[in-house]
>>> print(open('start29.csv').read())   # CSV, C-alpha atoms
chain,number,residue,atom,x,y,z
U,69,MET,CA,157.2,40.1,26.2
U,70,PHE,CA,153.9,40.1,28.1
U,71,LEU,CA,152.5,43.5,29.3
U,72,SER,CA,152.2,44.4,33.0
U,73,VAL,CA,148.7,45.6,34.0
U,74,GLY,CA,150.4,48.8,35.2
U,75,VAL,CA,150.9,50.0,31.6
U,76,MET,CA,147.7,48.6,30.2
U,77,LYS,CA,145.6,51.7,30.7
U,78,LYS,CA,148.2,54.0,29.1
U,79,ARG,CA,148.6,51.8,26.1
U,80,ALA,CA,144.9,51.4,25.7
U,81,LEU,CA,144.6,55.1,25.1
U,82,LEU,CA,147.4,54.9,22.5
U,83,LEU,CA,145.8,52.0,20.7
U,84,LEU,CA,142.5,53.8,20.5
U,85,SER,CA,144.2,56.8,19.0
U,86,LEU,CA,145.9,54.5,16.5
U,87,ALA,CA,142.5,53.0,15.7
U,88,LEU,CA,141.2,56.3,14.4
U,89,LEU,CA,143.6,56.1,11.4
U,90,ASN,CA,142.0,55.1,8.1
U,91,GLY,CA,143.4,53.7,4.8
U,92,CYS,CA,143.1,55.1,1.3
U,93,SER,CA,140.5,54.0,-1.2
U,94,ARG,CA,140.5,52.1,-4.5
U,95,GLU,CA,138.5,49.0,-5.4
U,96,PHE,CA,140.3,45.7,-6.1
U,97,ILE,CA,139.3,42.1,-6.6
U,98,GLU,CA,136.1,40.3,-5.9
U,99,LYS,CA,134.3,40.0,-2.6
U,100,ILE,CA,135.4,36.8,-0.8
U,101,TYR,CA,133.7,36.6,2.5
U,102,ASP,CA,130.5,37.8,4.0
U,103,VAL,CA,131.3,39.6,7.3
U,104,ASP,CA,129.9,38.9,10.7
U,105,TYR,CA,130.3,42.0,12.7
U,106,SER,CA,129.0,40.5,16.0
U,107,THR,CA,131.4,39.9,18.9
U,108,THR,CA,131.2,37.9,22.1
U,109,ASN,CA,134.3,39.3,23.7
U,110,ARG,CA,133.2,42.3,25.8
U,111,PHE,CA,136.7,43.8,25.7
U,112,ALA,CA,136.9,43.4,22.0
U,113,ASN,CA,133.5,45.2,21.6
U,114,ASN,CA,135.0,48.3,23.2
U,115,LEU,CA,138.1,48.1,21.0
U,116,ALA,CA,136.3,48.4,17.7
U,117,PRO,CA,134.1,51.6,18.0
U,118,LEU,CA,131.8,52.5,15.2
U,119,PRO,CA,131.7,56.1,13.9
U,120,GLY,CA,130.2,58.4,16.5
U,121,GLN,CA,130.8,56.0,19.4
U,122,PHE,CA,134.4,56.9,20.2
U,123,THR,CA,133.8,58.9,23.3
U,124,LYS,CA,131.2,56.4,24.7
U,125,ASP,CA,133.5,53.5,24.0
U,126,LEU,CA,136.6,55.2,25.4
U,127,VAL,CA,134.7,55.7,28.7
U,128,ALA,CA,133.5,52.1,28.6
U,129,LEU,CA,137.0,50.8,27.8
U,130,ASP,CA,138.5,52.9,30.6
U,131,LYS,CA,136.1,51.5,33.1
U,132,LEU,CA,136.7,47.9,31.8
U,133,ILE,CA,140.5,48.3,32.0
U,134,ASN,CA,140.3,49.8,35.5
U,135,SER,CA,138.2,46.9,36.7
U,136,PHE,CA,140.5,44.3,35.0
U,137,ASN,CA,143.6,46.0,36.4
U,138,GLY,CA,142.1,46.2,39.9
U,139,GLU,CA,141.1,42.5,40.0
U,140,VAL,CA,144.5,41.3,38.7
U,141,GLU,CA,146.5,43.6,41.0
U,142,ARG,CA,144.3,42.5,44.0
U,143,TYR,CA,145.5,38.9,43.7
U,144,TRP,CA,148.7,39.1,41.8
U,145,GLY,CA,150.3,42.5,42.7
U,146,ASN,CA,153.2,43.5,40.5
U,147,GLU,CA,153.3,40.0,39.0
U,148,GLY,CA,150.1,40.7,37.1
U,149,MET,CA,150.4,40.2,33.3
U,150,ILE,CA,148.1,40.3,30.3
U,151,ALA,CA,148.0,38.5,26.9
U,152,SER,CA,150.3,39.7,24.1
U,153,LYS,CA,151.5,38.5,20.8
U,154,HIS,CA,153.7,35.6,22.0
U,155,HIS,CA,152.0,35.1,25.4
U,156,TYR,CA,148.6,33.6,26.1
U,157,VAL,CA,147.4,34.8,29.6
U,158,LYS,CA,144.0,33.9,30.9
U,159,TYR,CA,142.6,34.4,34.5
U,160,THR,CA,139.8,32.2,35.9
U,161,ASP,CA,138.4,31.3,39.3
U,162,GLY,CA,137.7,34.9,40.3
U,163,TYR,CA,141.2,36.0,39.2
U,164,GLN,CA,142.7,33.6,41.7
U,165,SER,CA,144.1,31.2,39.0
U,166,ARG,CA,146.0,32.0,35.9
U,167,ALA,CA,147.3,30.2,32.8
U,168,HIS,CA,150.3,31.6,31.0
U,169,VAL,CA,151.6,30.0,27.8
U,170,ASP,CA,155.0,31.5,26.9
U,171,PHE,CA,155.5,30.6,23.2
U,172,ASP,CA,159.0,32.1,23.2
U,173,ARG,CA,160.3,29.9,26.0
U,174,GLY,CA,158.1,27.0,25.2
U,175,VAL,CA,156.6,26.5,28.6
U,176,VAL,CA,153.1,26.6,30.2
U,177,VAL,CA,152.9,28.0,33.7
U,178,ILE,CA,149.6,27.5,35.6
U,179,GLY,CA,149.2,28.9,39.1
U,180,THR,CA,146.8,29.9,41.8
U,181,VAL,CA,146.8,32.2,44.8
U,182,ALA,CA,143.7,30.7,46.3
U,183,LYS,CA,144.0,30.7,50.1
U,184,THR,CA,141.7,27.7,50.7
U,185,GLU,CA,142.2,24.3,49.1
U,186,PRO,CA,144.8,25.7,46.7
U,187,GLU,CA,145.6,22.3,45.2
U,188,LYS,CA,141.9,21.9,44.2
U,189,HIS,CA,141.9,25.3,42.5
U,190,LEU,CA,145.2,24.5,40.8
U,191,LYS,CA,143.9,21.2,39.5
U,192,ALA,CA,140.9,22.9,38.0
U,193,ALA,CA,143.0,25.5,36.4
U,194,ILE,CA,145.3,22.9,34.9
U,195,VAL,CA,142.4,20.9,33.4
U,196,THR,CA,140.8,24.0,32.0
U,197,THR,CA,144.1,25.1,30.4
U,198,LEU,CA,144.8,21.7,28.8
U,199,LEU,CA,141.2,21.6,27.4
U,200,THR,CA,140.9,25.2,26.3
U,201,PRO,CA,139.5,25.0,22.8
U,202,ASP,CA,141.2,26.0,19.6
U,203,ASP,CA,138.7,28.9,19.2
U,204,PRO,CA,139.9,32.3,20.4
U,205,ALA,CA,136.4,33.9,19.8
U,206,GLY,CA,135.1,31.9,22.7
U,207,VAL,CA,137.7,32.9,25.3
U,208,ASP,CA,137.6,36.4,26.9
U,209,LEU,CA,141.2,37.2,27.8
U,210,TYR,CA,140.3,40.3,29.7
U,211,SER,CA,138.1,38.9,32.4
U,212,ASP,CA,137.8,35.8,34.6
U,213,GLN,CA,135.0,34.5,32.5
U,214,LYS,CA,134.8,30.7,32.6
U,215,ILE,CA,136.1,28.9,29.5
U,216,GLN,CA,133.6,26.5,27.8
U,217,VAL,CA,135.7,23.5,26.9
U,218,GLY,CA,134.9,21.4,23.9
U,219,GLY,CA,136.4,20.3,20.6
U,220,LYS,CA,140.1,19.9,19.8
U,221,PRO,CA,142.2,21.6,22.6
U,222,PHE,CA,144.4,24.5,21.6
U,223,LEU,CA,147.5,22.9,23.2
U,224,PHE,CA,146.8,19.4,21.7
U,225,GLY,CA,150.1,17.9,20.7
U,226,GLN,CA,152.1,20.8,22.1
U,227,VAL,CA,152.3,19.4,25.6
U,228,LEU,CA,152.4,15.8,26.6
U,229,ASP,CA,151.3,14.1,29.8
U,230,GLN,CA,153.3,11.9,32.1
U,231,ASP,CA,153.0,9.0,29.6
U,232,LYS,CA,154.2,11.2,26.8
U,233,LYS,CA,150.7,11.3,25.3
U,234,PRO,CA,148.8,14.3,23.9
U,235,VAL,CA,145.9,15.5,26.0
U,236,GLU,CA,142.5,15.7,24.2
U,237,TRP,CA,139.9,14.2,26.6
U,238,SER,CA,138.7,15.2,30.0
U,239,TRP,CA,139.8,11.9,31.7
U,240,ARG,CA,143.4,12.3,30.5
U,241,ALA,CA,143.5,16.0,31.5
U,242,ASN,CA,142.3,15.2,35.0
U,243,ARG,CA,144.7,12.3,35.4
U,244,PHE,CA,147.6,14.5,34.2
U,245,ALA,CA,146.5,17.3,36.5
U,246,ASP,CA,146.4,14.9,39.5
U,247,TYR,CA,150.0,13.8,38.6
U,248,LEU,CA,151.2,17.4,38.4
U,249,VAL,CA,149.6,18.5,41.6
U,250,LYS,CA,151.1,15.5,43.4
U,251,ASN,CA,154.6,15.6,42.0
U,252,LYS,CA,155.4,18.9,40.4
U,253,ILE,CA,154.0,21.7,42.5
U,254,LYS,CA,156.2,24.7,43.2
U,255,LYS,CA,155.6,27.6,45.6
U,256,ARG,CA,156.5,31.2,45.8
U,257,LYS,CA,155.4,34.4,47.5
U,258,VAL,CA,153.1,36.7,45.6
U,259,ARG,CA,152.4,39.8,47.5
U,260,PHE,CA,151.5,38.5,51.0
U,261,GLN,CA,150.2,35.2,50.0
U,262,GLN,CA,151.5,31.8,48.8
U,263,ALA,CA,151.2,31.0,45.1
U,264,TYR,CA,151.1,27.4,44.0
U,265,TYR,CA,152.1,26.6,40.4
U,266,VAL,CA,153.3,24.0,38.0
U,267,GLU,CA,155.4,24.4,34.8
U,268,ILE,CA,154.7,22.1,31.8
U,269,PRO,CA,157.3,22.1,29.1
U,270,MET,CA,156.1,22.3,25.5
U,271,VAL,CA,157.4,19.8,23.0
U,272,SER,CA,160.5,20.9,21.1
U,273,ASP,CA,158.6,21.4,17.8
U,274,HIS,CA,155.6,23.2,19.3
U,275,VAL,CA,156.0,26.0,16.8
U,276,ASP,CA,155.8,23.6,13.9
U,277,LYS,CA,152.8,21.8,15.3
U,278,ARG,CA,150.9,25.1,15.5
U,279,GLY,CA,152.0,26.1,12.0
U,280,TYR,CA,151.0,22.8,10.4
U,281,LYS,CA,147.4,23.5,11.4
U,282,TYR,CA,147.2,26.4,9.1
U,283,ALA,CA,148.9,24.9,6.0
U,284,SER,CA,145.8,24.6,3.8
U,285,ILE,CA,144.6,28.1,4.9
U,286,VAL,CA,148.0,29.6,3.9
U,287,ARG,CA,148.0,27.7,0.6
U,288,ASP,CA,144.5,29.0,-0.3
U,289,ALA,CA,145.4,32.6,0.6
U,290,SER,CA,148.6,32.4,-1.4
U,291,LYS,CA,146.8,31.3,-4.5
U,292,ARG,CA,144.0,33.8,-4.0
U,293,TYR,CA,146.2,36.8,-3.8
U,294,GLY,CA,149.5,35.8,-5.6
U,295,ILE,CA,151.6,36.1,-2.4
U,296,ASN,CA,154.2,33.4,-1.7
U,297,GLU,CA,153.5,30.8,1.0
U,298,ASP,CA,156.9,31.3,2.5
U,299,LEU,CA,156.2,35.0,3.1
U,300,ILE,CA,152.8,34.3,4.8
U,301,TYR,CA,154.4,31.7,7.1
U,302,ALA,CA,157.3,34.0,7.9
U,303,ILE,CA,155.0,36.8,8.8
U,304,ILE,CA,152.8,34.6,11.0
U,305,LYS,CA,155.8,33.2,12.9
U,306,THR,CA,157.2,36.7,13.4
U,307,GLU,CA,154.0,38.3,14.4
U,308,SER,CA,152.4,35.7,16.6
U,309,SER,CA,154.5,32.5,16.6
U,310,PHE,CA,151.3,30.8,15.3
U,311,ASN,CA,149.3,31.9,18.4
U,312,PRO,CA,145.7,32.5,17.2
U,313,TYR,CA,145.0,34.3,20.5
U,314,ALA,CA,147.6,36.9,19.9
U,315,VAL,CA,146.8,40.5,20.8
U,316,SER,CA,149.0,43.6,21.0
U,317,HIS,CA,149.0,47.1,22.5
U,318,ALA,CA,148.8,48.4,19.0
U,319,ASN,CA,145.2,47.1,18.6
U,320,ALA,CA,146.3,44.2,16.4
U,321,TYR,CA,144.7,40.7,16.5
U,322,GLY,CA,145.3,37.1,15.5
U,323,LEU,CA,147.9,35.2,13.6
U,324,MET,CA,149.0,38.0,11.3
U,325,GLN,CA,148.4,40.8,13.8
U,326,VAL,CA,145.9,42.8,11.7
U,327,VAL,CA,145.0,46.2,12.9
U,328,PRO,CA,141.2,46.7,12.3
U,329,LYS,CA,141.2,50.4,11.5
U,330,THR,CA,144.2,50.5,9.2
U,331,ALA,CA,145.1,47.2,7.3
U,332,GLY,CA,141.7,45.8,8.1
U,333,ALA,CA,139.8,48.8,6.9
U,334,ASP,CA,141.9,48.9,3.7
U,335,VAL,CA,141.1,45.2,2.9
U,336,PHE,CA,137.4,45.7,3.6
U,337,LYS,CA,137.2,48.8,1.3
U,338,LEU,CA,139.7,47.9,-1.4
U,339,VAL,CA,139.3,44.1,-1.7
U,340,LYS,CA,136.0,43.1,-0.1
U,341,LYS,CA,134.1,46.1,-1.2
U,342,LYS,CA,132.6,46.3,2.3
U,343,SER,CA,132.1,49.3,4.6
U,344,GLY,CA,133.3,49.3,8.2
U,345,VAL,CA,136.2,47.4,9.7
U,346,PRO,CA,136.7,43.8,10.8
U,347,SER,CA,135.9,43.2,14.4
U,348,PRO,CA,138.4,41.6,16.8
U,349,GLU,CA,136.3,38.4,16.8
U,350,TYR,CA,136.5,38.3,13.0
U,351,LEU,CA,140.3,38.6,13.1
U,352,PHE,CA,140.6,35.9,15.8
U,353,ASP,CA,139.3,33.4,13.2
U,354,PRO,CA,142.4,32.0,11.6
U,355,VAL,CA,140.9,31.6,8.1
U,356,LYS,CA,139.7,35.2,8.1
U,357,ASN,CA,142.8,36.6,9.7
U,358,ILE,CA,145.2,34.9,7.2
U,359,ASP,CA,142.9,36.0,4.4
U,360,THR,CA,142.9,39.6,5.6
U,361,GLY,CA,146.7,39.8,6.2
U,362,THR,CA,147.5,38.3,2.9
U,363,ALA,CA,145.0,40.6,1.1
U,364,TYR,CA,146.8,43.5,2.7
U,365,PHE,CA,150.0,42.3,1.1
U,366,TYR,CA,148.1,42.3,-2.2
U,367,ILE,CA,147.3,45.9,-1.6
U,368,LEU,CA,150.9,46.8,-0.8
U,369,LYS,CA,152.1,45.0,-3.9
U,370,ASN,CA,149.5,46.4,-6.3
U,371,ARG,CA,148.8,49.8,-5.0
U,372,TYR,CA,151.0,51.4,-2.3
U,373,LEU,CA,154.3,50.0,-3.6
U,374,ARG,CA,153.4,49.3,-7.2
U,375,ASP,CA,156.1,51.7,-8.5
U,376,VAL,CA,158.9,49.7,-7.0
U,377,LYS,CA,160.5,48.1,-10.2
U,378,HIS,CA,162.7,45.3,-9.0
U,379,PRO,CA,160.7,42.3,-7.7
U,380,THR,CA,163.2,41.6,-4.9
U,381,SER,CA,163.3,45.2,-3.8
U,382,LEU,CA,159.5,45.2,-3.9
U,383,HIS,CA,159.5,42.1,-1.7
U,384,TYR,CA,161.7,43.7,0.9
U,385,SER,CA,159.6,46.9,0.8
U,386,MET,CA,156.4,45.0,1.3
U,387,ILE,CA,157.7,43.2,4.4
U,388,SER,CA,159.0,46.5,5.9
U,389,ALA,CA,155.7,48.3,5.1
U,390,TYR,CA,153.6,45.5,6.7
U,391,ASN,CA,155.3,46.5,10.0
U,392,GLY,CA,156.2,50.2,9.7
U,393,GLY,CA,153.9,51.4,6.9
U,394,THR,CA,154.5,52.5,3.4
U,395,GLY,CA,155.5,56.0,4.6
U,396,GLY,CA,158.3,54.4,6.7
U,397,VAL,CA,159.7,52.7,3.7
U,398,LEU,CA,159.8,55.9,1.6
U,399,ASN,CA,161.1,57.9,4.5
U,400,THR,CA,164.1,55.6,4.6
U,401,PHE,CA,165.2,57.0,1.2
U,402,ASN,CA,163.9,60.6,1.4
U,403,ARG,CA,161.8,62.1,4.2
U,404,ASN,CA,160.7,65.2,2.3
U,405,ASP,CA,159.8,64.0,-1.2
U,406,ARG,CA,158.0,60.7,-1.8
U,407,LYS,CA,158.5,60.8,-5.6
U,408,ARG,CA,162.2,61.3,-5.1
U,409,ALA,CA,162.2,58.6,-2.4
U,410,MET,CA,160.7,56.1,-4.9
U,411,ASN,CA,163.3,57.1,-7.6
U,412,ASP,CA,166.1,56.7,-5.1
U,413,LEU,CA,164.8,53.3,-4.1
U,414,ASN,CA,164.6,52.2,-7.8
U,415,ASN,CA,168.1,53.3,-8.4
U,416,LEU,CA,169.5,50.9,-5.8
U,417,LYS,CA,170.2,47.2,-6.2
U,418,PRO,CA,168.0,44.9,-4.1
U,419,ASN,CA,170.8,44.2,-1.6
U,420,GLN,CA,171.2,47.9,-1.2
U,421,VAL,CA,167.5,48.3,-0.6
U,422,TYR,CA,167.7,45.6,2.1
U,423,TRP,CA,170.7,47.3,3.7
U,424,ALA,CA,168.9,50.6,3.8
U,425,LEU,CA,165.7,49.2,5.3
U,426,THR,CA,167.6,47.2,7.9
U,427,ASN,CA,170.0,50.1,8.8
U,428,LYS,CA,168.4,53.4,8.0
U,429,HIS,CA,164.6,52.9,8.5
U,430,PRO,CA,163.3,55.5,10.9
U,431,LYS,CA,162.0,52.8,13.3
U,432,ALA,CA,164.3,50.3,15.0
U,433,GLU,CA,161.5,47.8,15.2
U,434,ALA,CA,161.0,47.9,11.4
U,435,ARG,CA,164.7,47.4,10.9
U,436,ARG,CA,164.7,44.2,13.0
U,437,TYR,CA,161.4,43.1,11.5
U,438,LEU,CA,162.7,42.8,8.0
U,439,GLN,CA,165.6,40.8,9.2
U,440,LYS,CA,163.4,38.4,11.2
U,441,VAL,CA,161.0,37.8,8.4
U,442,THR,CA,163.6,37.1,5.7
U,443,THR,CA,165.4,34.7,8.1
U,444,PHE,CA,162.2,32.8,8.7
U,445,GLN,CA,161.5,32.7,5.0
U,446,LYS,CA,164.9,31.0,4.5
U,447,GLU,CA,164.1,28.5,7.3
U,448,PHE,CA,160.7,27.7,5.6
U,449,ASN,CA,162.4,27.0,2.3
U,450,GLN,CA,164.9,24.8,4.0
U,451,GLY,CA,162.1,22.8,5.6
U,452,LYS,CA,162.7,24.1,9.1
U,453,ILE,CA,159.2,25.6,9.4
>>> encode(input="start29.csv", output="structure tokens")
Amino acid sequence: MFLSVGVMKKRALLLLSLALLNGCSREFIEKIYDVDYSTTNRFANNLAPLPGQFTKDLVALDKLINSFNGEVERYWGNEGMIASKHHYVKYTDGYQSRAHVDFDRGVVVIGTVAKTEPEKHLKAAIVTTLLTPDDPAGVDLYSDQKIQVGGKPFLFGQVLDQDKKPVEWSWRANRFADYLVKNKIKKRKVRFQQAYYVEIPMVSDHVDKRGYKYASIVRDASKRYGINEDLIYAIIKTESSFNPYAVSHANAYGLMQVVPKTAGADVFKLVKKKSGVPSPEYLFDPVKNIDTGTAYFYILKNRYLRDVKHPTSLHYSMISAYNGGTGGVLNTFNRNDRKRAMNDLNNLKPNQVYWALTNKHPKAEARRYLQKVTTFQKEFNQGKI
């Protein structure tokens, strides 16, 4: 679910605390990418502090969040929302207009609270949303900064116009926007003002259409690290529903929801042989995100959980650890002695390990997570993803 702006400040303090955690060290396979540490997203810059910058960036982040919250609340009151894993939310037009893509419900809601010429503002917001590029690095989700359109639109093929055609070019986006403004406008009260909005249903297979775009990237990462394609697909669908703009309150970014200071740091140090951590902009790049997330599975398989003997038990443990950490997996079997926990895990059959991780794991989210991922794996192998 999307986050209300009322809890954003509190969660930002939490995510920055989580960002201080660091991984263990051991060198693994060859360097694969040179890393560009630059960022264009001003919010992202403040979410990835370098050593010695924590206090400075915390103050900057606090100011940024207060400013963002204030502007959103000024126009949208308690209906304010921000982007999350399965929700794309972008404000434009001085915060008067908003695009919200709900990937769970499969609907795009575009609205405006502009007091003068609302239909004109709404049309502009519709066109911008339809033509928003498939490049998260160029879209600042935490401001009303204008989106520079160009290239293949992010929603291409996921929504169709009144003629059941995909929208790629400006002329078609403008024509569809005119149609929506003329025939599909809805109204409701937001605070003390009128909101004008339209709802655009996404095509029934919108998840598959997003997923197909990353097939070659997933295949390459699978071969590179020896991690099955079905697992990578299932993780992406669980974490982000193939939303490359995905962000979370836990400071995770992109398709596989990589946390820079934990999994990201481990991959840089153990796999890439790089210092530092990946920036949010780095992780918004689908190629680098999938590579990083898959590389972390390599680390789980070959380092943190290498003592798990049965391959199926290892598989379940890796999935659970991706969400709840290796410590959470071991704590499921023994909270006081890690060596004994590993022995107990290895003395169980794979179906018993699965039962334990989905019923006895200390965190409810991790229990559900393993169930979701294994279900999506089955769907992938049955040709449903």
>>> closest_residue(input="start29.csv", among="U:Val271, U:Val441, U:Val157, U:Val327", to="Asp298 (chain U)", atoms="all atoms listed in the file")
U:Val441
>>> closest_residue(input="start29.csv", among="U:Val217, U:Ala151, U:Val177, U:Leu438", to="Ala302 (chain U)", atoms="all atoms listed in the file")
U:Leu438
>>> residues_around(input="start29.csv", residues="region 197-204 of chain U", least_positions_apart="2", cutoff="10 Å", atoms="only C-alpha atoms", output="PyMOL selection string")
chain U and resi 109+158+160+166-169+176-178+191-195+206-209+215-224+226-228+234-238+240-242+244-245+311-314+322+349+351-354
>>> residues_around(input="start29.csv", residues="Asn402 (chain U)", least_positions_apart="5", cutoff="12 Å", atoms="all atoms listed in the file", output="list in words")
Gly395, Gly396, Val397, Lys407, Arg408, Ala409, Met410, Asn411, Asp412, Leu413, Ala424, Lys428, His429 and Pro430 of chain U
>>> closest_residue(input="start29.csv", among="U:Lys188, U:Ser308, U:Lys277, U:Asp246", to="Tyr156 (chain U)", atoms="only C-alpha atoms")
U:Ser308
>>> closest_residue(input="start29.csv", among="U:Ala333, U:Ile358, U:Val249, U:Ala363", to="Tyr293 (chain U)", atoms="all atoms listed in the file")
U:Ala363
>>> atom_distance(input="start29.csv", atom1="CA of Gly162 (chain U)", atom2="CA of Asp212 (chain U)")
5.8 Å
>>> residues_around(input="start29.csv", residues="Gln164 (chain U)", least_positions_apart="3", cutoff="7 Å", atoms="all atoms listed in the file", output="number ranges by chain")
U: 143, 160-161, 180-182
>>> atom_distance(input="start29.csv", atom1="CA of Asn415 (chain U)", atom2="CA of Ser385 (chain U)")
14.1 Å
